[in-house]
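*Asks:* Once you've had a glance at the structure underneath, I'll fire off some questions.
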Amino acid sequence: MDLSIEDVKKISALARIEIEQQDIDGYVRDLAGILGLVDQLNSAETDEVTPMAHPMDQVQRLRVDQVTEQDQRELFRSQAPQVESGLYLVPKVIE
Amino acid sequence: MHDKTIAEISAGLQGGKFSSVEVARAFLARISQFNEELNCFITVTEDKAIADARAADKRIAHGTAGPLTGIPIGHKDIFCTRSIKTSCGSKMLDNFYSPYDATVVSRLQDSGMVMLGKLNMDEFAMGSSNETSYYGPVRNPWDLTAVPGGSSGGSAAAVAARLVPVSTGTDTGGSIRQPASFCGITGIKPTYGRVSRYGMIAFASSLDQGGPLSRTAEDAAMLLQAMAGFDPRDSTSVDHPVPDYRASLDDGVEGLTIGVPSEFFDQDLDSEIAALLETTIAEYQRQGANVKEVSLPNVGFSVPVYYVVAPAECSSNLSRFDGVRFGHRCEDPDDLLDLYTRSRGEGFGAEVKRRILMGTYALSAGYYDAYYLRAQKVRRLISQDFHNAFEQVDVLVAPTAPSVAFGIGEKTSDPVEMYLSDIFTIAVNLAGIPALSMPVGFVDGKPVGMQLIGNFFSEGRLLNVAHRYQGVTDWHLRCPNGFE
C-alpha cells in the first residue's frame with residue numbers, strides 16, 4: 001500500500017491532530033507498514049459472511065426512562081481548562 | 001508478609017495474626033524500596049491506604065468483613081479513581097483527577113480492599129511493552145534491562161516484585177496475559193461483558209475487558225469474584241450469574257478434553273517454549289485429561305483484523321480528548337481548530353497518534369468497506385473457528401507470547417514488529433471469549449506463560465484447570481532475584 005505525505009497530512013487534519021513537519025516522513029513509513037500488514041486480509045474468503053460488531057451479537061439494552069443521575073455540573077467543571085459563568089470557554093467561533 | 005498470597009493474607013487477617021494497617025505498611029515499605037528502580041507506580045496513595053486499612057480493621061473487628069477486606073491492591077491507571085489522578089499513562093490526562101470511581105474500583109472498595117496506588121501502563125493501553133507510557137518504561141523484575149510486557153506492565157511487574165499482592169489490568173489484545181507471561185504471574189481476561197467497563201477509559205470498546213493479575217489462580221478467583229457481575233452503567237455488561245469461582249478450583253481434570261490448535265504449534269514456535277508447553281500438557285494427561293489436535297484455520301488473520309478494528313474504535317473513542325472539558329489544553333490557541341489540533345498533537349504520544357491516524361484512515365470515505373467492513377467479516381470467521389473447536393474440546397491451550405520478555409528499546413523502531421508480539425493473544429479478544437495465562441517454566445532465566453482458552457463464561461473452568469497445575473508445580477511461586 002502506497003501512502004504519500006499528502007495522504008498523511010489529510011488524515012491528520014481529519015483526526016484533528018497536529019503532526020510536526022519533521023515527523024511526517026516517520027508516520028508515512030509506519031502507516032505504510034501497518035497497511036502492509038492489514039493487506040493480508042485481502043486473501044481471506046469473506047463472501048456471504050456477516051460482519052461481526054459484537055462478540056455475542058448483543059443488541060443495545062434499553063432502560064426505563066427514569067432520572068437516575070444527579071446533577072454534578074460543578075464537579076465536572078472543576079476538571080475543565082477554562083470555565084466562566086458555568087460555561088466551557090473556547091476561542092471565539094463567530095465574528 | 002510480602003510473599004503471601006491474598007488467600008493467606010485473608011486468613012491471617014480473619015485469624016487476628018496481623019492487622020490490615022500492618023499489611024498496608026509492609027507493602028508501602030516495599031513500594032518505597034523498589035519503585036524507583038521498577039517504575040511500576042504512577043501514583044502511590046499512601047494516606048488513603050492507611051485510612052482504608054483502618055476502616056478494614058474495624059470491619060474485621062465487627063465481624064462484617066468479607067474475604068477481600070483489608071487486602072492491598074494496585075489499580076491500572078486506566079481505571080477512574082475519584083479525586084485521585086487517573087492518567088491512563090498519557091500527558092493528555094496528566095492533570096486529570098477523575099470526578100467518579102470506575103465500577104471495578106467501587107466494587108473492590110466496597111469489598112474492603114485497600115488501594116495502594118495507580119499502576120503504570122502503555123499510553124491509553126496501546127502497546128505491548130509499557131514503553132509508550134508518558135511516565136517512562138517499567139522494568140521487568142526478572143531482568144531489569146527487559147520490558148515487563150504491556151499494556152498492563154506496571155500491574156504485572158508490581159505483582160511479580162511483591163509490591164502488591166494483586167492488581168487490576170485490562171486486556172484489549174493481550175494486555176493482561178502477555179505481561180503476566182513476561183513477569184511470571186497469573187492473569188485472566190474474562191469473557192467480554194463479564195467485568196464492567198464503566199469508568200475504565202475506553203480504547204477499543206468491542207474488545208476491552210478488565211481482569212485480575214495475581215500470583216496464583218486461587219487469588220485470581222477471589223479477585224474476579226468481586227470484579228465480575230452485571231452493571232447497568234455499562235451498556236455492554238452481560239446479565240449472567242457469577243458462579244463461585246473458588247468453590248470449583250479443586251475439581252478434577254479427569255475426562256477434560258484439551259485442544260491443541262495446530263496453527264499455534266507450528267514450526268515457527270520457539271522450540272524451548274514449545275517444549276515447556278508440551279511438558280505442561282503431559283502433566284494434564286497424567287491427571288487424566290485427554291488431548292486432541294484441533295484447527296483454527298483463520299486465526300492467522302487475527303493481527304491484521306485487530307489493527308483495523310482496534311484503531312478504528314480508538315480513533316472514535318479518543319475524539320473526546322479535545323482540550324475543552326478536561327485533559328491537556330495547548331497554550332494560547334489561535335482559534336478553535338488550532339485548540340483541537342495542537343492540544344491533541346501535544347497531549348498524545350507517537351503510538352497513540354499512529355493508531356488514531358490508522359483508524360481515521362480505515363473509517364474514511366472510500367476505504368470503509370475495504371478495511372473496516374472486511375475486518376469485521378474476518379473477525380466473524382475467527383470467532384466461528386473457536387466455536388467449532390469448542391464443540392470438540394473443553395479448553396484450548398496456546399503459548400501466551402512468541403518469546404520471553406525482550407529488551408527495553410529492542411522493538412520500538414518498528415511498530416509492526418511490536419504488534420506481532422501479541423500474535424497468540426489477539427484472537428481471543430476478537431472472539432470475546434475468556435483466556436488465562438499462567439507460568440509454566442523459564443527460558444534464559446525469564447518466565448514463560450501458557451494460555452488456557454475457554455468458551456464464553458468458562459472463567460471458573462479456566463481457573464480450576466490452572467489451579468490443578470499450580471497444585472503440583474511451583475513456577476507461579478518463584479520470586480525474582482533481589483525481590484525475595
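All residue names refer to the C-alpha cells as shown: chains lettered A, B, ... in order, residues numbered from 1 in each chain, ligands numbered from 1 in order.
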As a ChimeraX atom specification, please: the residues near range 222-234 of chain B (cut-off 7 Å, only C-alpha atoms, same-chain neighbours under 5 positions excluded).
*Replies:* /B:104,107-108,194-198,211-212,239,242,245-246
*Asks:* May I have the selected residues written with C-alpha atoms, as a short mmCIF file (atom, residue, chain, number, x, y, z; two decimals), in the first residue's frame?
*Replies:*
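Full text of result12.cif as output:
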data_model
loop_
_atom_site.label_atom_id
_atom_site.label_comp_id
_atom_site.auth_asym_id
_atom_site.auth_seq_id
_atom_site.Cartn_x
_atom_site.Cartn_y
_atom_site.Cartn_z
CA VAL B 104 -14.38 -2.12 39.32
CA ARG B 107 -16.80 -2.81 43.90
CA LEU B 108 -13.35 -3.60 45.29
CA ARG B 194 -18.20 -10.13 32.38
CA VAL B 195 -16.48 -7.19 34.14
CA SER B 196 -17.94 -3.70 33.89
CA ARG B 197 -16.17 -1.22 31.62
CA TYR B 198 -17.79 1.77 33.36
CA GLY B 211 -9.45 -8.58 34.85
CA PRO B 212 -7.15 -9.57 37.72
CA ASP B 239 -26.54 -10.02 32.92
CA VAL B 242 -21.44 -15.13 38.59
CA TYR B 245 -15.04 -19.39 41.31
CA ARG B 246 -13.20 -20.58 44.40
#
*Asks:* Select, as JSON, numbers by chain, those residues of chain A with any atom no more than 9 Å from chain B (distances computed using only C-alpha atoms).
*Replies:* {"A": [8, 11, 12, 13, 14, 15, 16, 17, 18, 19, 20, 27, 30, 31, 33, 34, 35, 37, 38, 39, 40, 41, 42, 44, 45, 46, 47, 48, 49, 50, 51, 52, 53, 54, 55, 56, 58, 59, 60, 61, 62, 63, 75, 76, 77, 78, 79, 80, 81, 82, 83, 88, 89, 90, 91, 92, 93]}
*Asks:* Using only C-alpha atoms, which of B:Lys76, B:Arg139, B:Arg25, B:Lys446 sits nearest Val166 in chain B?
*Replies:*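 Under the stated criterion, the closest residue is B:Lys76.
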*Asks:* Which residues come within 7 Å of Asp171 in chain B, counting only C-alpha atoms, excluding same-chain residues fewer than 2 positions away, as a ChimeraX atom specification?
*Replies:* /B:169,173-176,189,208-210
*Asks:* Can you list, as a ChimeraX atom specification, every protein, DNA or RNA residue that comes within 7 Å of range 9-14 of chain B when you count only C-alpha atoms, leaving out same-chain residues fewer than 6 positions away?
*Replies:* /B:20,60,67-68,71
*Asks:* Take the residues that were just selected and, keeping C-alpha atoms, output them as a PDB file, in the first residue's frame.
*Replies:*
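This went into part_35.pdb:
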ATOM      1  CA  SER B  20      -4.740  -4.566  57.790  1.00  0.00           C
ATOM      2  CA  ILE B  60     -12.847  -7.300  60.738  1.00  0.00           C
ATOM      3  CA  PRO B  67     -12.709 -12.424  52.129  1.00  0.00           C
ATOM      4  CA  LEU B  68     -11.053  -9.381  50.472  1.00  0.00           C
ATOM      5  CA  ILE B  71      -6.129  -6.790  51.400  1.00  0.00           C
TER       6      ILE B  71
END
*Asks:* Distance CA of Lys4 in chain B-CA of Phe18 in chain B, one decimal place?
*Replies:* 12.6 Å
*Asks:* Out of chain A, which residues get helix (DSSP H, G or I) from DSSP, as an MDAnalysis selection string?
*Replies:* chainID A and resid 5:14 21:43 73:77
*Asks:* Neighbours of Ile453 in chain B within 7 Å (only C-alpha atoms; same-chain residues fewer than 6 positions away dropped), as a JSON list (two decimals) with N, CA and C atoms, in the first residue's frame?
*Replies:*
[["chain", "number", "residue", "atom", "x", "y", "z"],
["B", 395, "VAL", "N", -11.27, -27.01, 26.71],
["B", 395, "VAL", "CA", -10.40, -25.84, 26.75],
["B", 395, "VAL", "C", -9.32, -25.99, 25.68],
["B", 396, "LEU", "N", -8.77, -24.85, 25.28],
["B", 396, "LEU", "CA", -7.66, -24.86, 24.33],
["B", 396, "LEU", "C", -6.40, -24.39, 25.06],
["B", 397, "VAL", "N", -5.26, -24.90, 24.65],
["B", 397, "VAL", "CA", -4.01, -24.36, 25.16],
["B", 397, "VAL", "C", -3.27, -23.67, 24.02],
["B", 434, "PRO", "N", -12.99, -15.95, 27.15],
["B", 434, "PRO", "CA", -12.01, -15.75, 28.22],
["B", 434, "PRO", "C", -10.73, -16.56, 27.99],
["B", 435, "ALA", "N", -9.63, -16.07, 28.54],
["B", 435, "ALA", "CA", -8.36, -16.80, 28.49],
["B", 435, "ALA", "C", -7.49, -16.39, 29.66],
["B", 436, "LEU", "N", -6.72, -17.34, 30.13],
["B", 436, "LEU", "CA", -5.85, -17.13, 31.29],
["B", 436, "LEU", "C", -4.42, -17.43, 30.88]]
